[in-house]
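Undergrad: Supplied structure: work33.cif, mmCIF, C-alpha atoms.
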data_work
loop_
_atom_site.label_atom_id
_atom_site.label_comp_id
_atom_site.auth_asym_id
_atom_site.auth_seq_id
_atom_site.Cartn_x
_atom_site.Cartn_y
_atom_site.Cartn_z
CA MET A 1 -86.82 206.15 101.53
CA LYS A 2 -85.13 206.13 98.16
CA ALA A 3 -82.62 203.55 96.94
CA LEU A 4 -80.41 202.84 93.94
CA PHE A 5 -79.62 199.22 93.09
CA LEU A 6 -76.24 198.98 91.32
CA HIS A 7 -75.38 196.04 89.04
CA PHE A 8 -72.14 195.98 87.06
CA PHE A 9 -73.42 193.87 84.17
CA ASP A 10 -76.14 193.65 81.53
CA PHE A 11 -79.35 191.68 81.86
CA ALA A 12 -80.35 188.52 79.98
CA GLU A 13 -83.75 186.85 79.75
CA HIS A 14 -82.32 183.42 80.58
CA SER A 15 -80.18 184.59 83.48
CA GLY A 16 -81.15 183.56 86.99
CA ILE A 17 -79.09 186.47 88.32
CA SER A 18 -81.06 188.93 86.18
CA LYS A 19 -84.34 187.49 87.41
CA LYS A 20 -83.12 187.64 90.99
CA ILE A 21 -82.16 191.33 90.76
CA ILE A 22 -85.51 192.31 89.26
CA ALA A 23 -87.23 190.34 92.03
CA GLN A 24 -85.16 192.11 94.70
CA ILE A 25 -86.05 195.51 93.26
CA ASN A 26 -89.73 194.57 93.16
CA ALA A 27 -89.42 193.44 96.79
CA LEU A 28 -87.90 196.76 97.84
CA LYS A 29 -90.74 198.59 96.12
CA SER A 30 -93.30 196.36 97.84
CA ASN A 31 -91.68 197.43 101.12
CA ASP A 32 -92.40 201.08 100.19
CA ILE A 33 -88.85 201.90 99.04
CA GLU A 34 -88.63 204.03 95.90
CA THR A 35 -86.00 202.09 93.97
CA ASP A 36 -84.09 202.78 90.76
CA LEU A 37 -81.83 200.37 88.90
CA CYS A 38 -78.36 201.20 87.58
CA TYR A 39 -76.80 198.64 85.24
CA LEU A 40 -74.68 198.16 82.14
CA ASN A 41 -76.67 198.11 78.92
CA ILE A 42 -75.03 196.46 75.89
CA ASP A 43 -76.88 196.91 72.59
CA LYS A 44 -76.77 194.74 69.46
CA ASN A 45 -73.76 196.68 68.17
CA GLY A 46 -71.79 196.04 71.34
CA VAL A 47 -72.07 199.63 72.57
CA GLN A 48 -71.83 199.65 76.36
CA ARG A 49 -73.70 202.26 78.40
CA ARG A 50 -74.23 202.74 82.11
CA VAL A 51 -77.93 203.38 82.61
CA CYS A 52 -79.37 204.63 85.90
CA GLY A 53 -83.10 205.01 86.17
CA ASP A 54 -84.18 206.74 82.98
CA PHE A 55 -80.77 208.25 82.25
CA THR A 56 -77.67 207.13 80.36
CA ILE A 57 -74.88 208.53 82.50
CA ASP A 58 -71.92 206.96 80.66
CA ASN A 59 -71.40 205.85 77.06
CA PHE A 60 -68.33 203.63 76.90
CA GLY A 61 -68.69 202.83 73.19
CA ASN A 62 -67.89 199.47 71.63
CA SER A 63 -64.12 199.61 71.33
CA PHE A 64 -61.78 197.14 72.99
CA SER A 65 -61.07 199.67 75.73
CA ALA A 66 -64.78 199.82 76.68
CA LYS A 67 -64.41 196.41 78.31
CA PHE A 68 -61.98 197.92 80.81
CA VAL A 69 -62.96 201.59 81.18
CA LYS A 70 -66.31 200.66 82.71
CA TRP A 71 -64.49 199.19 85.73
CA PHE A 72 -62.66 202.44 86.50
CA LYS A 73 -64.96 205.29 85.53
CA PHE A 74 -67.37 206.19 88.33
CA SER A 75 -67.36 209.99 88.49
CA ASN A 76 -70.69 210.43 86.68
CA LEU A 77 -72.24 207.68 88.80
CA THR A 78 -70.99 209.36 91.97
CA ASN A 79 -72.55 212.67 90.98
CA PHE A 80 -75.80 210.99 89.94
CA ILE A 81 -76.18 209.28 93.32
CA ILE A 82 -75.51 212.45 95.31
CA GLU A 83 -77.59 214.77 93.13
CA ASN A 84 -80.63 212.45 93.25
CA ASN A 85 -80.68 212.30 97.06
CA TYR A 86 -80.69 208.52 97.47
CA ASN A 87 -80.86 207.33 101.06
CA PHE A 88 -78.92 204.18 100.35
CA LEU A 89 -77.01 202.41 97.61
CA TYR A 90 -77.43 198.65 97.26
CA ILE A 91 -74.54 197.10 95.33
CA ARG A 92 -74.43 193.56 93.97
CA SER A 93 -70.72 192.95 94.31
CA PHE A 94 -68.58 191.57 91.53
CA TYR A 95 -65.62 191.55 93.94
CA ASN A 96 -64.22 194.46 91.96
CA THR A 97 -62.75 196.83 94.53
CA THR A 98 -60.56 199.40 92.74
CA PRO A 99 -59.15 202.78 93.81
CA GLN A 100 -61.82 204.45 91.66
CA LEU A 101 -64.66 202.48 93.23
CA LEU A 102 -63.33 203.23 96.71
CA GLN A 103 -63.22 206.92 95.85
CA MET A 104 -66.87 206.79 94.79
CA LEU A 105 -67.87 205.00 97.99
CA LYS A 106 -65.95 207.55 100.06
CA LYS A 107 -67.70 210.52 98.43
CA ILE A 108 -71.21 209.17 98.66
CA ASN A 109 -70.60 208.03 102.23
CA GLN A 110 -69.53 211.56 103.10
CA ALA A 111 -72.75 212.80 101.46
CA GLY A 112 -74.76 210.70 103.94
CA VAL A 113 -75.71 207.85 101.60
CA LYS A 114 -75.64 204.48 103.33
CA ILE A 115 -73.88 201.77 101.33
CA ILE A 116 -74.98 198.14 101.37
CA ILE A 117 -72.95 195.54 99.45
CA GLU A 118 -74.39 192.13 98.70
CA PHE A 119 -71.77 189.40 98.40
CA PRO A 120 -73.48 186.69 96.30
CA THR A 121 -70.96 184.11 97.50
CA TYR A 122 -68.69 184.06 100.54
CA PRO A 123 -65.93 183.05 100.71
CA TYR A 124 -65.34 183.69 97.04
CA ASP A 125 -61.60 183.63 96.27
CA ASN A 126 -61.77 180.18 94.67
CA GLU A 127 -64.63 181.11 92.36
CA ILE A 128 -62.23 182.38 89.68
CA LYS A 129 -60.94 178.91 88.84
CA GLY A 130 -61.16 178.62 85.07
CA ALA A 131 -62.30 182.23 84.62
CA GLU A 132 -61.03 184.42 81.80
CA LEU A 133 -57.94 186.59 82.37
CA LYS A 134 -59.95 189.82 82.76
CA THR A 135 -61.97 188.35 85.62
CA ARG A 136 -58.87 186.97 87.33
CA LEU A 137 -57.25 190.41 87.19
CA ILE A 138 -60.35 192.08 88.66
CA PHE A 139 -60.38 189.59 91.53
CA PHE A 140 -56.64 190.09 92.10
CA VAL A 141 -57.01 193.87 92.46
CA ASN A 142 -60.01 193.31 94.73
CA ARG A 143 -57.93 191.10 96.99
CA LEU A 144 -55.36 193.88 97.40
CA LEU A 145 -57.88 196.61 98.28
CA ARG A 146 -60.99 195.03 99.80
CA HIS A 147 -59.82 195.63 103.38
CA ARG A 148 -60.59 199.33 102.79
CA LEU A 149 -64.29 198.75 102.09
CA LYS A 150 -65.10 198.78 105.82
CA LYS A 151 -64.34 202.50 105.94
CA TYR A 152 -67.36 203.33 103.80
CA VAL A 153 -69.76 200.36 103.70
CA HIS A 154 -72.55 200.23 106.28
CA ARG A 155 -73.49 196.55 106.00
CA ALA A 156 -72.62 193.46 103.94
CA VAL A 157 -75.51 191.25 102.86
CA THR A 158 -74.58 187.57 102.75
CA PHE A 159 -76.25 184.22 102.20
CA SER A 160 -73.65 182.57 104.38
CA GLY A 161 -73.42 182.43 108.17
CA ALA A 162 -70.51 184.89 108.36
CA ASP A 163 -70.70 187.53 111.09
CA GLU A 164 -68.55 189.95 109.10
CA ILE A 165 -66.97 190.20 105.66
CA HIS A 166 -63.75 192.18 105.25
CA GLY A 167 -64.45 193.80 108.60
CA ILE A 168 -68.00 194.81 107.64
CA LYS A 169 -70.88 193.68 109.87
CA THR A 170 -73.20 191.37 107.96
CA ILE A 171 -76.92 191.04 107.40
CA ASN A 172 -77.58 187.32 107.04
CA ILE A 173 -80.49 186.45 104.77
CA SER A 174 -81.57 183.66 102.44
CA ASN A 175 -81.84 183.87 98.70
CA GLY A 176 -85.50 184.45 98.03
CA ILE A 177 -88.11 183.68 95.41
CA GLU A 178 -90.59 185.85 93.54
CA PHE A 179 -93.28 183.20 93.51
CA GLU A 180 -95.52 185.10 91.12
CA SER A 181 -92.94 184.76 88.33
CA ILE A 182 -92.27 181.01 88.71
CA LYS A 183 -94.65 178.44 87.26
CA LEU A 184 -95.49 175.44 89.41
CA LYS A 185 -94.43 172.20 87.77
CA SER A 186 -97.17 170.11 86.16
CA ILE A 187 -97.64 166.68 87.67
CA SER A 188 -96.16 163.87 85.55
CA HIS A 189 -96.53 160.13 86.01
CA ASN A 190 -93.86 158.67 83.74
CA ARG A 191 -93.17 155.18 85.08
CA THR A 192 -90.78 153.98 82.35
CA SER A 193 -88.00 156.56 82.74
CA VAL A 194 -86.67 159.22 85.10
CA ASN A 195 -85.67 162.65 83.86
CA LEU A 196 -83.10 164.60 85.86
CA ILE A 197 -82.66 168.32 85.27
CA GLY A 198 -79.86 170.74 86.12
CA VAL A 199 -80.48 174.44 85.45
CA ALA A 200 -77.51 176.76 85.89
CA GLU A 201 -74.89 179.00 84.43
CA VAL A 202 -72.59 176.02 84.49
CA HIS A 203 -69.53 176.13 86.76
CA LEU A 204 -67.30 173.50 88.29
CA TRP A 205 -69.02 173.88 91.67
CA HIS A 206 -72.27 172.53 90.26
CA GLY A 207 -70.59 169.14 90.09
CA TYR A 208 -72.60 167.86 87.13
CA ASP A 209 -69.70 165.53 86.35
CA ARG A 210 -70.62 163.61 89.51
CA VAL A 211 -74.06 162.92 88.01
CA ILE A 212 -72.65 162.00 84.60
CA ASN A 213 -70.23 159.56 86.17
CA GLY A 214 -73.09 158.17 88.24
CA ILE A 215 -75.17 157.61 85.09
CA ALA A 216 -72.23 155.80 83.49
CA GLU A 217 -71.98 153.49 86.50
CA TYR A 218 -75.74 152.98 86.45
CA TYR A 219 -75.67 151.88 82.79
CA SER A 220 -72.63 149.66 83.29
CA VAL A 221 -75.16 146.86 83.67
CA ASN A 222 -78.42 146.38 81.76
CA ARG A 223 -81.17 148.62 83.10
CA GLU A 224 -84.88 148.37 82.49
CA LYS A 225 -85.61 151.90 83.70
CA LYS A 226 -83.99 154.60 81.62
CA VAL A 227 -82.46 157.67 83.29
CA TYR A 228 -81.86 160.91 81.37
CA PHE A 229 -80.09 164.10 82.42
CA ASN A 230 -80.99 167.46 80.84
CA ILE A 231 -78.42 170.21 81.46
CA VAL A 232 -80.12 173.56 80.89
CA GLY A 233 -77.68 176.45 80.72
CA ASP A 234 -74.12 177.19 79.72
CA GLY A 235 -71.18 179.25 80.91
CA ASP A 236 -67.98 180.99 79.87
CA THR A 237 -65.51 179.00 81.96
CA GLY A 238 -65.15 175.96 79.70
CA GLU A 239 -67.02 173.75 82.15
CA THR A 240 -69.78 172.90 79.67
CA GLU A 241 -67.24 171.76 77.08
CA ARG A 242 -65.51 169.65 79.71
CA LEU A 243 -68.83 167.98 80.54
CA LYS A 244 -69.60 167.37 76.86
CA SER A 245 -66.21 165.75 76.45
CA LEU A 246 -66.89 163.53 79.46
CA VAL A 247 -70.24 162.48 77.99
CA ARG A 248 -68.57 161.54 74.69
CA THR A 249 -65.84 159.61 76.49
CA LEU A 250 -68.43 157.63 78.45
CA ASN A 251 -70.68 157.12 75.38
CA LEU A 252 -73.66 158.72 77.12
CA GLU A 253 -74.89 160.96 74.29
CA GLU A 254 -78.23 159.14 74.33
CA TYR A 255 -78.80 159.89 78.00
CA VAL A 256 -77.26 163.33 78.66
CA LYS A 257 -78.64 166.32 76.81
CA PHE A 258 -77.23 169.86 76.68
CA SER A 259 -80.16 172.18 76.03
CA GLY A 260 -78.29 175.45 76.44
CA TYR A 261 -80.04 178.48 77.90
CA LEU A 262 -83.82 178.28 78.08
CA SER A 263 -86.34 180.84 79.30
CA GLY A 264 -90.06 181.47 79.40
CA SER A 265 -92.32 178.63 78.22
CA ASP A 266 -89.32 176.60 77.00
CA LEU A 267 -87.92 176.52 80.53
CA ASP A 268 -91.36 175.76 81.97
CA ASP A 269 -91.68 172.81 79.57
CA ALA A 270 -88.25 171.50 80.61
CA PHE A 271 -89.36 171.50 84.26
CA ASP A 272 -92.69 169.89 83.41
CA ASN A 273 -90.78 167.02 81.80
CA ALA A 274 -88.42 166.63 84.76
CA ASP A 275 -88.80 164.35 87.75
CA PHE A 276 -85.85 165.39 89.90
CA GLY A 277 -83.55 168.42 90.17
CA ILE A 278 -79.77 168.54 90.38
CA ALA A 279 -78.56 171.52 92.42
CA SER A 280 -74.95 172.24 93.47
CA LEU A 281 -72.94 169.11 94.20
CA ALA A 282 -69.41 170.49 94.44
CA ARG A 283 -69.30 173.66 96.50
CA HIS A 284 -66.46 171.98 98.37
CA ARG A 285 -64.32 172.67 95.28
CA THR A 286 -64.43 176.35 96.19
CA ASN A 287 -64.05 175.74 99.94
CA ILE A 288 -67.69 176.56 100.72
CA SER A 289 -69.58 174.33 103.12
CA ALA A 290 -72.64 176.46 103.93
CA ILE A 291 -74.59 178.60 101.46
CA LYS A 292 -78.23 179.35 100.64
CA THR A 293 -78.23 178.97 96.87
CA LEU A 294 -80.83 180.39 94.55
CA LYS A 295 -81.16 177.06 92.72
CA ASN A 296 -82.41 175.15 95.77
CA ARG A 297 -85.15 177.71 96.14
CA GLU A 298 -86.15 177.67 92.49
CA TYR A 299 -86.50 173.89 92.50
CA ALA A 300 -88.66 174.05 95.62
CA ALA A 301 -90.75 176.87 94.15
CA ARG A 302 -91.25 174.80 91.00
CA GLY A 303 -92.36 171.90 93.18
CA ILE A 304 -89.65 169.44 92.21
CA PRO A 305 -87.57 167.26 94.58
CA PHE A 306 -83.82 167.73 94.31
CA ILE A 307 -80.32 166.86 95.51
CA PHE A 308 -77.59 169.16 96.86
CA SER A 309 -74.43 168.76 98.91
CA GLU A 310 -73.86 171.98 100.85
CA ASP A 311 -75.28 172.97 104.22
CA ASP A 312 -78.50 174.93 103.62
CA SER A 313 -80.50 175.41 106.83
CA ASP A 314 -83.68 176.21 104.89
CA PHE A 315 -83.71 172.76 103.29
CA ASN A 316 -81.71 170.44 105.52
CA GLY A 317 -84.02 167.58 106.51
CA MET A 318 -86.85 168.48 104.14
CA PRO A 319 -88.69 165.36 102.90
CA TYR A 320 -88.25 166.31 99.24
CA VAL A 321 -84.45 166.59 99.23
CA ILE A 322 -81.50 164.22 99.14
CA LYS A 323 -78.24 165.37 100.72
CA ALA A 324 -75.22 164.20 98.75
CA THR A 325 -71.83 163.92 100.40
CA PRO A 326 -69.58 166.95 99.69
CA ASP A 327 -66.86 164.99 97.91
CA GLU A 328 -65.85 163.71 94.47
CA SER A 329 -67.81 160.44 94.56
CA SER A 330 -70.24 159.64 91.76
CA VAL A 331 -73.90 160.26 92.51
CA ASP A 332 -75.70 156.99 93.18
CA ILE A 333 -78.50 156.92 90.61
CA ASN A 334 -80.11 153.92 92.28
CA MET A 335 -80.42 156.00 95.44
CA ILE A 336 -82.37 158.65 93.51
CA LEU A 337 -84.63 156.01 91.93
CA GLN A 338 -85.32 154.42 95.29
CA PHE A 339 -86.14 157.84 96.76
CA LEU A 340 -88.57 158.62 93.94
CA SER A 341 -90.24 155.21 94.14
CA GLY A 342 -91.56 156.12 97.59
CA PHE A 343 -92.06 159.84 96.98
CA SER A 344 -95.64 161.09 97.01
CA MET A 345 -95.55 164.85 97.66
CA GLU A 346 -97.39 167.01 95.17
CA PRO A 347 -95.57 169.98 93.60
CA SER A 348 -97.87 172.38 95.46
CA GLU A 349 -96.92 170.82 98.81
CA ILE A 350 -93.22 171.36 98.12
CA ARG A 351 -93.83 174.97 97.14
CA ASP A 352 -96.08 175.64 100.13
CA SER A 353 -93.26 174.62 102.49
CA ILE A 354 -91.29 177.77 101.64
CA THR A 355 -93.86 180.43 100.72
CA ASP A 356 -94.13 181.89 104.22
CA LYS A 357 -90.40 182.39 104.73
CA LEU A 358 -88.52 182.62 101.43
CA SER A 359 -90.25 185.34 99.44
CA TRP A 360 -87.97 188.18 98.38
CA ARG A 361 -90.35 190.63 100.06
CA ILE A 362 -89.61 189.03 103.43
CA GLN A 363 -85.87 188.70 102.82
CA MET A 364 -85.40 192.30 101.66
CA ARG A 365 -87.45 193.52 104.62
CA GLU A 366 -84.79 191.94 106.83
CA VAL A 367 -82.17 194.01 105.00
CA LEU A 368 -84.20 197.17 105.52
CA ASN A 369 -84.64 196.40 109.21
CA ASN A 370 -80.86 196.41 109.61
CA ILE A 371 -80.00 199.58 107.72
#
Could you express the structure from this file as structure tokens?
TA:
Amino acid sequence: MKALFLHFFDFAEHSGISKKIIAQINALKSNDIETDLCYLNIDKNGVQRRVCGDFTIDNFGNSFSAKFVKWFKFSNLTNFIIENNYNFLYIRSFYNTTPQLLQMLKKINQAGVKIIIEFPTYPYDNEIKGAELKTRLIFFVNRLLRHRLKKYVHRAVTFSGADEIHGIKTINISNGIEFESIKLKSISHNRTSVNLIGVAEVHLWHGYDRVINGIAEYYSVNREKKVYFNIVGDGDTGETERLKSLVRTLNLEEYVKFSGYLSGSDLDDAFDNADFGIASLARHRTNISAIKTLKNREYAARGIPFIFSEDDSDFNGMPYVIKATPDESSVDINMILQFLSGFSMEPSEIRDSITDKLSWRIQMREVLNNI
């Protein structure tokens, strides 16, 4: 079988999404699927090109209009898919259903190409809170037209428990891990302080403000044990600036650090210095109660205990996690310290708990079994 994996954006070394897509493609190949990648390449001059396999099929240039044309020009992509005899198209959705995209899906469906759309989050309508105008417009058009996807799409891949999305039967899988690309955390025995880490493209649903407020409450009295919070990542929604403002207001600059995006050995070092991971603590802000996030899996693969608030059946009840309440309360730092004081699992034990079920090779095989 032969597949094309379609992504509507560029790739970045620090991006967890970029790493995930490469891992999924590698997993398809390891399951004997010949797989090409189609994505948007943006060079240092801002020139945007759609690249599929070894070919540049569209050059959108670097003008202001290039930011919009790429969302509506799919004729060359349509022809490329049909002419190269792909058996199926795997799309990572950006919730960008347009008349032009529907026309492409219709044509390749008629040509016998099966279409699989992965919905990274579901439900997703509330994910545009704080997003830039362009994104809000894309989501608005999607909302008007998405009911037509079921005419052409064979299956919807989801990390939720939904039986169907927009009338499309789902394939329910977990986010996976490419274990070979993730370094196991080094064992640390720092008894004088505790280092928390949150790694994300920062959005309001990560709920890092709950941790910051918790640290403020913790330091409202004299504390012998110091607690630090390292936020690794950034975002384009203004959430990072809001968090920085909160830190300044609470006079926590000594204890909360904003490292920005890290990758490679710099990211490995940040994990080696960390004692406890902060995953999503506010999915309730986008009306999501159950989801299998990539971050939970990365923390476990690193071998670090962590806290999250959503329902994740792969980690509910695991001895290395704390379940926070899905609300706006501050995170109880003393609860984390008490948990760590009695915690004795080695990083390798945490990692071993998921290796047999959460590799991308296994998860993508489930997709293939349902095509």
Undergrad: Mind listing as a list in words all residues within 10 Å of (-87.7, 188.7, 97.0), counting only C-alpha atoms?
TA: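 Protein, DNA and RNA residues close to (-87.7, 188.7, 97.0): Lys20, Ile21, Ile22, Ala23, Gln24, Ile25, Asn26, Ala27, Leu28, Ser30, Ser174, Asn175, Gly176, Ile177, Glu178, Phe179, Leu358, Ser359, Trp360, Arg361, Ile362, Gln363, Met364 and Arg365 of chain A.
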Undergrad: Write out as a list of chain:residue names which residues come within 10 Å of Leu262 of chain A when counting only C-alpha atoms, dropping same-chain ones fewer than 2 positions away.
TA: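 Counting only the stated atoms, we get A:Glu13, A:His14, A:Ser15, A:Val199, A:Val232, A:Gly233, A:Asp234, A:Ser259, A:Gly260, A:Gly264, A:Ser265, A:Asp266, A:Leu267, A:Asp268, A:Asp269, A:Ala270.
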Undergrad: Would you save the residues of that selection, restricted to C-alpha atoms, as a PDB file, keeping the file's coordinate frame?
TA:
ATOM      1  CA  GLU A  13     -83.750 186.850  79.750  1.00  0.00           C
ATOM      2  CA  HIS A  14     -82.320 183.420  80.580  1.00  0.00           C
ATOM      3  CA  SER A  15     -80.180 184.590  83.480  1.00  0.00           C
ATOM      4  CA  VAL A 199     -80.480 174.440  85.450  1.00  0.00           C
ATOM      5  CA  VAL A 232     -80.120 173.560  80.890  1.00  0.00           C
ATOM      6  CA  GLY A 233     -77.680 176.450  80.720  1.00  0.00           C
ATOM      7  CA  ASP A 234     -74.120 177.190  79.720  1.00  0.00           C
ATOM      8  CA  SER A 259     -80.160 172.180  76.030  1.00  0.00           C
ATOM      9  CA  GLY A 260     -78.290 175.450  76.440  1.00  0.00           C
ATOM     10  CA  GLY A 264     -90.060 181.470  79.400  1.00  0.00           C
ATOM     11  CA  SER A 265     -92.320 178.630  78.220  1.00  0.00           C
ATOM     12  CA  ASP A 266     -89.320 176.600  77.000  1.00  0.00           C
ATOM     13  CA  LEU A 267     -87.920 176.520  80.530  1.00  0.00           C
ATOM     14  CA  ASP A 268     -91.360 175.760  81.970  1.00  0.00           C
ATOM     15  CA  ASP A 269     -91.680 172.810  79.570  1.00  0.00           C
ATOM     16  CA  ALA A 270     -88.250 171.500  80.610  1.00  0.00           C
TER      17      ALA A 270
END
Undergrad: Can you spell out as a PyMOL selection string the set of residues that the PyMOL selection byres ((chain A and resi 321-326) around 12) selects in the structure I just provided?
TA: chain A and resi 205-207+210-211+276-290+296-297+299-300+303-320+327-333+335-340+343+345+350
Undergrad: Fewer than 3 positions away in the same chain doesn't count, so skip those; otherwise give me all residues within 8 Å of segment 154-159 of chain A, counting all atoms listed in the file, as a list in words.
TA: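 Returned residues: Lys114, Ile115, Ile116, Ile117, Glu118, Phe119, Pro120, Thr121, Tyr122, Lys150, Ala162, Glu164, Ile165, Ile168, Lys169, Thr170, Ile171, Asn172, Ile173, Ser174, Asn175, Ile291, Lys292, Thr293, Val367 and Ile371 of chain A.
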Undergrad: Could you tell me how far atom CA of Gln100 of chain A lies from atom CA of Ser18 of chain A, in Å and to one decimal?
TA: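 Result for atom CA of Gln100 of chain A versus atom CA of Ser18 of chain A: 25.3 Å, one decimal.
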Undergrad: Go through A:Gln48, A:Thr98, A:Ser188, A:Asn126 and flag the residue nearest Leu149 of chain A, using all atoms listed in the file for the distances.
TA: A:Thr98
Undergrad: Expand the PyMOL selection byres ((chain A and resi 7) around 7) into the explicit residue set it covers here, and present it as an MDAnalysis selection string.
TA: chainID A and resid 5:6 8:9 38:39 91:92
Undergrad: For C-alpha atoms, I'd like the residues from the last selection saved as a PDB file, in the frame of the given file.
TA:
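Done, and the output landed in again-v2.pdb:
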ATOM      1  CA  PHE A   5     -79.620 199.220  93.090  1.00  0.00           C
ATOM      2  CA  LEU A   6     -76.240 198.980  91.320  1.00  0.00           C
ATOM      3  CA  PHE A   8     -72.140 195.980  87.060  1.00  0.00           C
ATOM      4  CA  PHE A   9     -73.420 193.870  84.170  1.00  0.00           C
ATOM      5  CA  CYS A  38     -78.360 201.200  87.580  1.00  0.00           C
ATOM      6  CA  TYR A  39     -76.800 198.640  85.240  1.00  0.00           C
ATOM      7  CA  ILE A  91     -74.540 197.100  95.330  1.00  0.00           C
ATOM      8  CA  ARG A  92     -74.430 193.560  93.970  1.00  0.00           C
TER       9      ARG A  92
END
Undergrad: Selection in question (the file shown): the PyMOL selection byres ((chain A and resi 61-68) around 8). Which residues does it include, as a list of chain:residue names?
TA: A:Asn45, A:Gly46, A:Val47, A:Gln48, A:Arg49, A:Asn59, A:Phe60, A:Val69, A:Lys70, A:Trp71, A:Phe72
Undergrad: How about completing segment 287-304 of chain A with N, CA and C atoms and giving it to me as a PDB file, in the frame of the given file?
TA:
ATOM      1  N   ASN A 287     -64.221 175.614  98.484  1.00  0.00           N
ATOM      2  CA  ASN A 287     -64.050 175.740  99.940  1.00  0.00           C
ATOM      3  C   ASN A 287     -65.265 176.366 100.630  1.00  0.00           C
ATOM      4  N   ILE A 288     -66.448 176.088 100.110  1.00  0.00           N
ATOM      5  CA  ILE A 288     -67.690 176.560 100.720  1.00  0.00           C
ATOM      6  C   ILE A 288     -68.456 175.359 101.249  1.00  0.00           C
ATOM      7  N   SER A 289     -68.820 175.420 102.522  1.00  0.00           N
ATOM      8  CA  SER A 289     -69.580 174.330 103.120  1.00  0.00           C
ATOM      9  C   SER A 289     -71.031 174.707 103.384  1.00  0.00           C
ATOM     10  N   ALA A 290     -71.284 175.994 103.621  1.00  0.00           N
ATOM     11  CA  ALA A 290     -72.640 176.460 103.930  1.00  0.00           C
ATOM     12  C   ALA A 290     -72.998 177.632 103.027  1.00  0.00           C
ATOM     13  N   ILE A 291     -74.133 177.522 102.346  1.00  0.00           N
ATOM     14  CA  ILE A 291     -74.590 178.600 101.460  1.00  0.00           C
ATOM     15  C   ILE A 291     -76.072 178.367 101.173  1.00  0.00           C
ATOM     16  N   LYS A 292     -76.795 179.441 100.942  1.00  0.00           N
ATOM     17  CA  LYS A 292     -78.230 179.350 100.640  1.00  0.00           C
ATOM     18  C   LYS A 292     -78.425 179.695  99.169  1.00  0.00           C
ATOM     19  N   THR A 293     -78.250 178.711  98.302  1.00  0.00           N
ATOM     20  CA  THR A 293     -78.230 178.970  96.870  1.00  0.00           C
ATOM     21  C   THR A 293     -79.607 179.281  96.307  1.00  0.00           C
ATOM     22  N   LEU A 294     -79.592 180.042  95.234  1.00  0.00           N
ATOM     23  CA  LEU A 294     -80.830 180.390  94.550  1.00  0.00           C
ATOM     24  C   LEU A 294     -81.466 179.151  93.913  1.00  0.00           C
ATOM     25  N   LYS A 295     -80.631 178.223  93.438  1.00  0.00           N
ATOM     26  CA  LYS A 295     -81.160 177.060  92.720  1.00  0.00           C
ATOM     27  C   LYS A 295     -82.011 176.168  93.618  1.00  0.00           C
ATOM     28  N   ASN A 296     -81.582 175.947  94.868  1.00  0.00           N
ATOM     29  CA  ASN A 296     -82.410 175.150  95.770  1.00  0.00           C
ATOM     30  C   ASN A 296     -83.810 175.733  95.890  1.00  0.00           C
ATOM     31  N   ARG A 297     -83.881 177.039  95.970  1.00  0.00           N
ATOM     32  CA  ARG A 297     -85.150 177.710  96.140  1.00  0.00           C
ATOM     33  C   ARG A 297     -86.009 177.657  94.883  1.00  0.00           C
ATOM     34  N   GLU A 298     -85.365 177.753  93.730  1.00  0.00           N
ATOM     35  CA  GLU A 298     -86.150 177.670  92.490  1.00  0.00           C
ATOM     36  C   GLU A 298     -86.738 176.275  92.319  1.00  0.00           C
ATOM     37  N   TYR A 299     -85.952 175.244  92.611  1.00  0.00           N
ATOM     38  CA  TYR A 299     -86.500 173.890  92.500  1.00  0.00           C
ATOM     39  C   TYR A 299     -87.691 173.714  93.430  1.00  0.00           C
ATOM     40  N   ALA A 300     -87.553 174.181  94.668  1.00  0.00           N
ATOM     41  CA  ALA A 300     -88.660 174.050  95.620  1.00  0.00           C
ATOM     42  C   ALA A 300     -89.872 174.851  95.167  1.00  0.00           C
ATOM     43  N   ALA A 301     -89.640 176.045  94.620  1.00  0.00           N
ATOM     44  CA  ALA A 301     -90.750 176.870  94.150  1.00  0.00           C
ATOM     45  C   ALA A 301     -91.436 176.231  92.940  1.00  0.00           C
ATOM     46  N   ARG A 302     -90.671 175.536  92.135  1.00  0.00           N
ATOM     47  CA  ARG A 302     -91.250 174.800  91.000  1.00  0.00           C
ATOM     48  C   ARG A 302     -92.046 173.586  91.464  1.00  0.00           C
ATOM     49  N   GLY A 303     -91.685 173.075  92.657  1.00  0.00           N
ATOM     50  CA  GLY A 303     -92.360 171.900  93.180  1.00  0.00           C
ATOM     51  C   GLY A 303     -91.706 170.598  92.764  1.00  0.00           C
ATOM     52  N   ILE A 304     -90.369 170.619  92.650  1.00  0.00           N
ATOM     53  CA  ILE A 304     -89.650 169.440  92.210  1.00  0.00           C
ATOM     54  C   ILE A 304     -88.661 169.004  93.288  1.00  0.00           C
TER      55      ILE A 304
END
